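Okay, coords_30.cif is below, mmCIF, C-alpha atoms:
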data_final
#
loop_
_atom_site.label_atom_id
_atom_site.label_comp_id
_atom_site.auth_asym_id
_atom_site.auth_seq_id
_atom_site.Cartn_x
_atom_site.Cartn_y
_atom_site.Cartn_z
CA MET K 1 1.43 -30.12 -5.67
CA ARG K 2 5.11 -29.83 -6.51
CA ARG K 3 4.37 -26.99 -8.94
CA LEU K 4 2.35 -25.18 -6.29
CA VAL K 5 5.20 -25.48 -3.81
CA SER K 6 7.72 -24.21 -6.38
CA ALA K 7 5.43 -21.28 -7.19
CA ALA K 8 5.00 -20.46 -3.50
CA ALA K 9 8.71 -20.64 -2.67
CA PRO K 10 9.83 -17.25 -4.15
CA PRO K 11 7.20 -15.09 -2.39
CA ILE K 12 7.75 -16.97 0.87
CA LEU K 13 11.51 -16.43 0.66
CA LEU K 14 10.99 -12.76 -0.17
CA GLY K 15 8.60 -12.44 2.75
CA ALA K 16 11.15 -14.01 5.07
CA ALA K 17 13.81 -11.57 3.85
CA LEU K 18 11.48 -8.61 4.43
CA VAL K 19 10.68 -9.85 7.93
CA ALA K 20 14.42 -10.09 8.67
CA VAL K 21 14.95 -6.52 7.44
CA TRP K 22 11.96 -5.36 9.49
CA TRP K 23 13.29 -7.08 12.62
CA ILE K 24 16.78 -5.64 12.25
CA GLY K 25 15.39 -2.17 11.52
CA ALA K 26 13.09 -2.29 14.57
CA LEU K 27 15.97 -3.35 16.82
CA ILE K 28 18.29 -0.65 15.49
CA ALA K 29 15.64 2.06 15.79
CA GLY K 30 14.73 0.95 19.29
CA SER K 31 11.34 2.63 18.92
CA ALA K 32 8.79 2.19 21.68
CA VAL K 33 6.02 2.60 19.11
CA PHE K 34 7.01 0.43 16.14
CA PRO K 35 6.88 -3.28 17.05
CA THR K 36 9.23 -6.12 16.17
CA PRO K 37 7.82 -9.14 14.28
CA VAL K 38 7.61 -11.10 17.55
CA GLU K 39 5.60 -8.33 19.22
CA ALA K 40 3.26 -8.06 16.23
CA VAL K 41 2.67 -11.82 16.02
CA THR K 42 2.20 -12.07 19.80
CA SER K 43 -0.37 -9.28 19.65
CA LEU K 44 -2.13 -11.03 16.77
CA GLY K 45 -2.22 -14.26 18.75
CA ALA K 46 -3.82 -12.44 21.66
CA GLU K 47 -6.46 -10.94 19.36
CA LEU K 48 -7.24 -14.33 17.82
CA GLY K 49 -8.28 -15.40 21.30
CA LEU K 50 -10.99 -12.71 21.36
CA GLU K 51 -14.45 -13.71 20.15
CA ARG K 52 -15.04 -10.25 18.70
CA PHE K 53 -11.93 -10.45 16.53
CA VAL K 54 -12.74 -13.96 15.28
CA THR K 55 -16.22 -12.71 14.37
CA SER K 56 -14.63 -9.84 12.44
CA ILE K 57 -12.48 -12.29 10.47
CA ALA K 58 -15.53 -14.42 9.65
CA THR K 59 -17.47 -11.32 8.58
CA THR K 60 -14.71 -10.24 6.20
CA LEU K 61 -14.21 -13.70 4.69
CA ARG K 62 -17.93 -14.20 4.18
CA ALA K 63 -18.36 -10.82 2.49
CA LEU K 64 -15.21 -11.36 0.40
CA ALA K 65 -16.35 -14.75 -0.86
CA SER K 66 -19.78 -13.42 -1.87
CA ALA K 67 -18.49 -10.24 -3.52
CA TYR K 68 -15.67 -12.01 -5.37
CA LEU K 69 -17.90 -14.78 -6.71
CA ALA K 70 -20.48 -12.24 -7.86
CA ALA K 71 -17.83 -10.02 -9.48
CA ALA K 72 -16.24 -12.95 -11.31
CA VAL K 73 -19.54 -14.31 -12.65
CA VAL K 74 -21.16 -10.99 -13.56
CA GLY K 75 -17.95 -9.58 -15.06
CA THR K 76 -17.41 -12.69 -17.18
CA VAL K 77 -20.98 -13.03 -18.46
CA ALA K 78 -21.43 -9.30 -19.14
CA GLY K 79 -17.97 -9.01 -20.70
CA MET K 80 -18.51 -11.90 -23.10
CA SER K 81 -21.99 -10.72 -24.02
CA LEU K 82 -20.81 -7.20 -24.82
CA GLY K 83 -17.53 -8.24 -26.45
CA LEU K 84 -19.32 -10.21 -29.15
CA SER K 85 -20.87 -7.00 -30.47
CA ALA K 86 -18.41 -4.59 -32.05
CA PHE K 87 -20.96 -1.76 -31.91
CA TRP K 88 -21.77 -2.09 -28.21
CA THR K 89 -18.13 -2.64 -27.34
CA SER K 90 -17.12 0.65 -28.96
CA ALA K 91 -20.10 2.43 -27.40
CA VAL K 92 -19.92 1.16 -23.82
CA LEU K 93 -16.21 0.52 -23.27
CA PRO K 94 -15.08 4.19 -23.08
CA VAL K 95 -17.76 4.90 -20.47
CA VAL K 96 -16.75 1.93 -18.32
CA TYR K 97 -13.06 2.86 -18.62
CA THR K 98 -13.92 6.38 -17.45
CA VAL K 99 -15.86 5.11 -14.44
CA ASN K 100 -13.11 2.63 -13.61
CA SER K 101 -10.48 5.38 -13.67
CA ILE K 102 -12.27 7.27 -10.89
CA PRO K 103 -10.87 6.39 -7.43
CA LYS K 104 -13.56 4.11 -6.04
CA ILE K 105 -13.37 5.54 -2.55
CA THR K 106 -14.65 8.89 -3.84
CA LEU K 107 -17.82 7.10 -4.96
CA TYR K 108 -18.42 5.45 -1.60
CA PRO K 109 -20.91 8.11 -0.38
CA ILE K 110 -23.14 7.05 -3.29
CA PHE K 111 -23.05 3.46 -2.08
CA LEU K 112 -23.92 4.65 1.42
CA LEU K 113 -26.88 6.59 0.04
CA PHE K 114 -28.40 3.69 -1.90
CA ALA K 115 -27.18 0.58 -0.06
CA GLY K 116 -26.76 1.87 3.49
CA ILE K 117 -23.94 1.31 5.96
CA GLY K 118 -24.63 -2.37 6.58
CA ASP K 119 -23.31 -5.53 4.97
CA LEU K 120 -25.14 -4.75 1.72
CA GLY K 121 -23.34 -1.44 1.23
CA ARG K 122 -19.91 -2.88 2.00
CA GLY K 123 -20.51 -5.94 -0.15
CA THR K 124 -21.75 -3.82 -3.04
CA PHE K 125 -18.69 -1.58 -2.89
CA ALA K 126 -16.39 -4.63 -2.85
CA PHE K 127 -18.35 -6.12 -5.78
CA VAL K 128 -18.04 -2.98 -7.90
CA SER K 129 -14.32 -2.70 -7.06
CA GLY K 130 -13.81 -6.13 -8.59
CA VAL K 131 -16.44 -6.41 -11.31
CA LEU K 132 -15.33 -3.41 -13.39
CA PRO K 133 -11.75 -4.68 -13.99
CA MET K 134 -13.08 -8.20 -14.60
CA PHE K 135 -15.60 -6.86 -17.09
CA LEU K 136 -13.00 -4.80 -18.95
CA ILE K 137 -10.54 -7.69 -19.20
CA VAL K 138 -13.17 -10.09 -20.54
CA VAL K 139 -14.61 -7.53 -22.97
CA GLU K 140 -11.19 -6.84 -24.46
CA ALA K 141 -10.39 -10.55 -24.73
CA THR K 142 -13.75 -11.36 -26.33
CA ALA K 143 -13.47 -8.48 -28.79
CA ALA K 144 -10.03 -9.79 -29.79
CA VAL K 145 -11.31 -13.25 -30.76
CA SER K 146 -10.26 -14.05 -34.32
CA ARG K 147 -12.83 -12.67 -36.75
CA VAL K 148 -11.94 -15.48 -39.15
CA HIS K 149 -13.13 -17.99 -36.58
CA LEU K 150 -16.32 -16.02 -36.00
CA LYS K 151 -17.03 -15.82 -39.73
CA LEU K 152 -16.41 -19.54 -40.05
CA ALA K 153 -18.87 -20.14 -37.22
CA ALA K 154 -21.42 -17.99 -39.05
CA VAL K 155 -20.90 -19.98 -42.26
CA LEU K 156 -21.35 -23.22 -40.34
CA ARG K 157 -24.40 -21.71 -38.60
CA LEU K 158 -23.20 -22.62 -35.15
CA SER K 159 -25.69 -21.97 -32.40
CA LEU K 160 -24.76 -19.36 -29.78
CA PRO K 161 -23.97 -21.97 -27.10
CA ARG K 162 -21.66 -23.88 -29.49
CA LEU K 163 -20.06 -20.63 -30.65
CA LEU K 164 -19.29 -19.68 -27.06
CA TRP K 165 -18.10 -23.12 -25.98
CA GLN K 166 -16.01 -24.04 -29.03
CA ILE K 167 -14.57 -20.68 -30.12
CA VAL K 168 -15.04 -17.81 -27.67
CA VAL K 169 -14.36 -19.53 -24.33
CA PRO K 170 -11.05 -21.22 -25.37
CA SER K 171 -9.82 -17.89 -26.75
CA VAL K 172 -10.85 -15.91 -23.67
CA LEU K 173 -9.70 -18.38 -20.99
CA PRO K 174 -6.12 -17.02 -20.59
CA ALA K 175 -7.39 -13.48 -20.05
CA LEU K 176 -10.18 -14.81 -17.84
CA ALA K 177 -7.68 -16.57 -15.58
CA THR K 178 -5.66 -13.37 -15.28
CA GLY K 179 -8.82 -11.43 -14.54
CA LEU K 180 -9.79 -13.81 -11.74
CA ARG K 181 -6.45 -13.23 -10.04
CA LEU K 182 -6.56 -9.44 -10.35
CA THR K 183 -10.22 -9.25 -9.37
CA PHE K 184 -9.59 -11.09 -6.11
CA GLY K 185 -7.09 -8.50 -4.88
CA LEU K 186 -9.20 -5.53 -5.95
CA THR K 187 -12.33 -6.98 -4.36
CA PHE K 188 -10.47 -7.59 -1.10
CA LEU K 189 -9.09 -4.04 -1.16
CA GLY K 190 -12.53 -2.57 -1.79
CA LEU K 191 -14.02 -4.56 1.07
CA LEU K 192 -11.34 -3.46 3.54
CA LEU K 193 -11.82 0.19 2.58
CA ALA K 194 -15.59 -0.12 2.99
CA GLU K 195 -15.15 -1.73 6.42
CA MET K 196 -12.85 1.10 7.47
CA PHE K 197 -15.32 3.80 6.48
CA SER K 198 -18.64 2.31 7.59
CA GLY K 199 -18.05 -1.02 9.27
CA SER K 200 -19.00 -2.14 12.73
CA SER K 201 -17.14 -5.40 12.24
CA GLY K 202 -14.55 -6.88 9.88
CA LEU K 203 -10.79 -6.61 9.56
CA GLY K 204 -10.92 -3.11 8.08
CA PHE K 205 -12.93 -1.93 11.07
CA GLU K 206 -10.46 -3.60 13.46
CA ILE K 207 -7.50 -1.83 11.83
CA LEU K 208 -9.17 1.57 11.95
CA ARG K 209 -10.16 1.06 15.59
CA ASN K 210 -6.55 0.28 16.52
CA VAL K 211 -5.31 3.25 14.48
CA THR K 212 -7.56 5.47 16.59
CA LEU K 213 -6.14 3.90 19.76
CA VAL K 214 -2.56 4.03 18.39
CA ARG K 215 -1.95 0.32 18.96
CA MET K 216 0.84 -0.21 16.46
CA GLU K 217 1.58 -3.80 17.42
CA ARG K 218 -2.05 -4.76 16.78
CA ILE K 219 -2.17 -2.82 13.53
CA VAL K 220 0.93 -4.56 12.19
CA GLY K 221 -0.33 -7.94 13.40
CA GLU K 222 -3.62 -7.45 11.57
CA VAL K 223 -1.76 -6.42 8.41
CA ILE K 224 0.19 -9.69 8.65
CA LEU K 225 -3.08 -11.60 8.98
CA ILE K 226 -4.59 -9.83 5.96
CA ALA K 227 -1.47 -10.59 3.92
CA ALA K 228 -1.67 -14.26 4.91
CA LEU K 229 -5.38 -14.43 4.02
CA ALA K 230 -4.67 -12.89 0.61
CA LEU K 231 -1.55 -14.94 -0.13
CA ILE K 232 -3.06 -18.42 -0.28
CA PRO K 233 -5.90 -17.63 -2.75
CA THR K 234 -3.49 -15.53 -4.83
CA LEU K 235 -1.02 -18.40 -5.12
CA LEU K 236 -3.80 -20.79 -6.10
CA LEU K 237 -5.10 -18.36 -8.72
CA GLN K 238 -1.57 -17.85 -10.04
CA ALA K 239 -1.16 -21.62 -10.39
CA LEU K 240 -4.48 -21.79 -12.23
CA GLU K 241 -3.43 -18.91 -14.47
CA ARG K 242 -0.19 -20.67 -15.43
CA GLN K 243 -2.02 -23.89 -16.24
CA VAL K 244 -4.58 -22.10 -18.40
CA HIS K 245 -1.96 -20.06 -20.25
CA ARG K 246 0.09 -23.18 -20.83
CA ARG K 247 -2.88 -25.04 -22.32
CA PHE K 248 -4.87 -22.32 -24.06
CA GLY K 249 -2.29 -19.59 -24.63
CA GLY K 250 -2.15 -20.38 -28.34
CA ALA K 251 -5.89 -20.80 -28.74
CA ARG K 252 -6.19 -17.64 -30.82
#
For the file at hand, write its structure as structure tokens.
Amino acid sequence: MRRLVSAAAPPILLGAALVAVWWIGALIAGSAVFPTPVEAVTSLGAELGLERFVTSIATTLRALASAYLAAAVVGTVAGMSLGLSAFWTSAVLPVVYTVNSIPKITLYPIFLLFAGIGDLGRGTFAFVSGVLPMFLIVVEATAAVSRVHLKLAAVLRLSLPRLLWQIVVPSVLPALATGLRLTFGLTFLGLLLAEMFSGSSGLGFEILRNVTLVRMERIVGEVILIAALALIPTLLLQALERQVHRRFGGAR
């Protein structure tokens, strides 16, 4: 708990400093459009009292949890499976890197065509936004497992489950922990973009609706809420990443 608090202190202090700069800047500018932190938080509090807005939060969190879990599991299993084969790694990896380099939002019409504009389409887009980086990280880590250890396992005729559990997994864990942290943010980003473009609910939809109505105080308040929702899981994943690197960082 003490380590988690110490890890959370720097970003919290930085956030407080940024809020202070924002407040001072808003007061100096005296803009009738750009809100102060108090106005943004007050507007957010008012929205949290609306059933529609609470439903949007629940919709986003539910879709995020499903897409992130699926991206983490599929990316890990597929990455380890492919990374154990040097041939398939060299054959498939350049293609996946090429697809991953394409801005995902340009591919969204394809998701609309096959998955529709409902929860399935948005969840699928969020899943793909997270699973490709997770897959690439795990593939690279698995392919980098010491070949000496793999040859020793072959000499000892270790079964595939024992090979994975005793050699591959300990070597891949540090990269896997990093991948889990990065995948969370990318999945969340993909989900928000999908909700903006084709949502009828969710935080992305709420932001776009307020952009259309030019409600700056609500927009900024919702951005604060999204940042708060992302901060807690990110801090937990960072703490996990540090623990894993500390214990397994020298596994290779």
Notebook entry, point to check: Any idea what's packed within 9 Å of region 95-105 of chain K, counting all atoms listed in the file, ignoring anything in its chain fewer than 6 positions away? Could you give it as a PyMOL selection string?
Noted result: chain K and resi 125+128-129+132-133+135-136+190+193-194
Note to self: Can you translate the PyMOL selection byres ((chain K and resi 169) around 12) into the concrete residues it hits in this file, as a PyMOL selection string?
What the structure shows: chain K and resi 76-77+79-81+83-84+138+141-145+160-168+170-177+244+248+251-252
Next item on the list: Could you give me, as a list in words, the residues within 12 Å of Gly45 (chain K), counting all atoms listed in the file and dropping anything in the same chain fewer than 2 positions from it?
Entry: Val38, Glu39, Ala40, Val41, Thr42, Ser43, Glu47, Leu48, Gly49, Leu50, Phe53, Val54, Glu217, Arg218, Gly221, Glu222, Ile224 and Leu225 of chain K
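As for CA of Leu14 (chain K) and CA of Leu61 (chain K), they are spaced 25.7 Å apart.
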Item checked: Answer key for the PyMOL selection byres ((chain K and resi 233) around 12), residues as a list of chain:residue names -> K:Leu4, K:Ala8, K:Leu61, K:Leu64, K:Ala65, K:Tyr68, K:Leu180, K:Arg181, K:Leu182, K:Thr183, K:Phe184, K:Gly185, K:Phe188, K:Ile226, K:Ala227, K:Ala228, K:Leu229, K:Ala230, K:Leu231, K:Ile232, K:Thr234, K:Leu235, K:Leu236, K:Leu237, K:Gln238, K:Ala239, K:Leu240
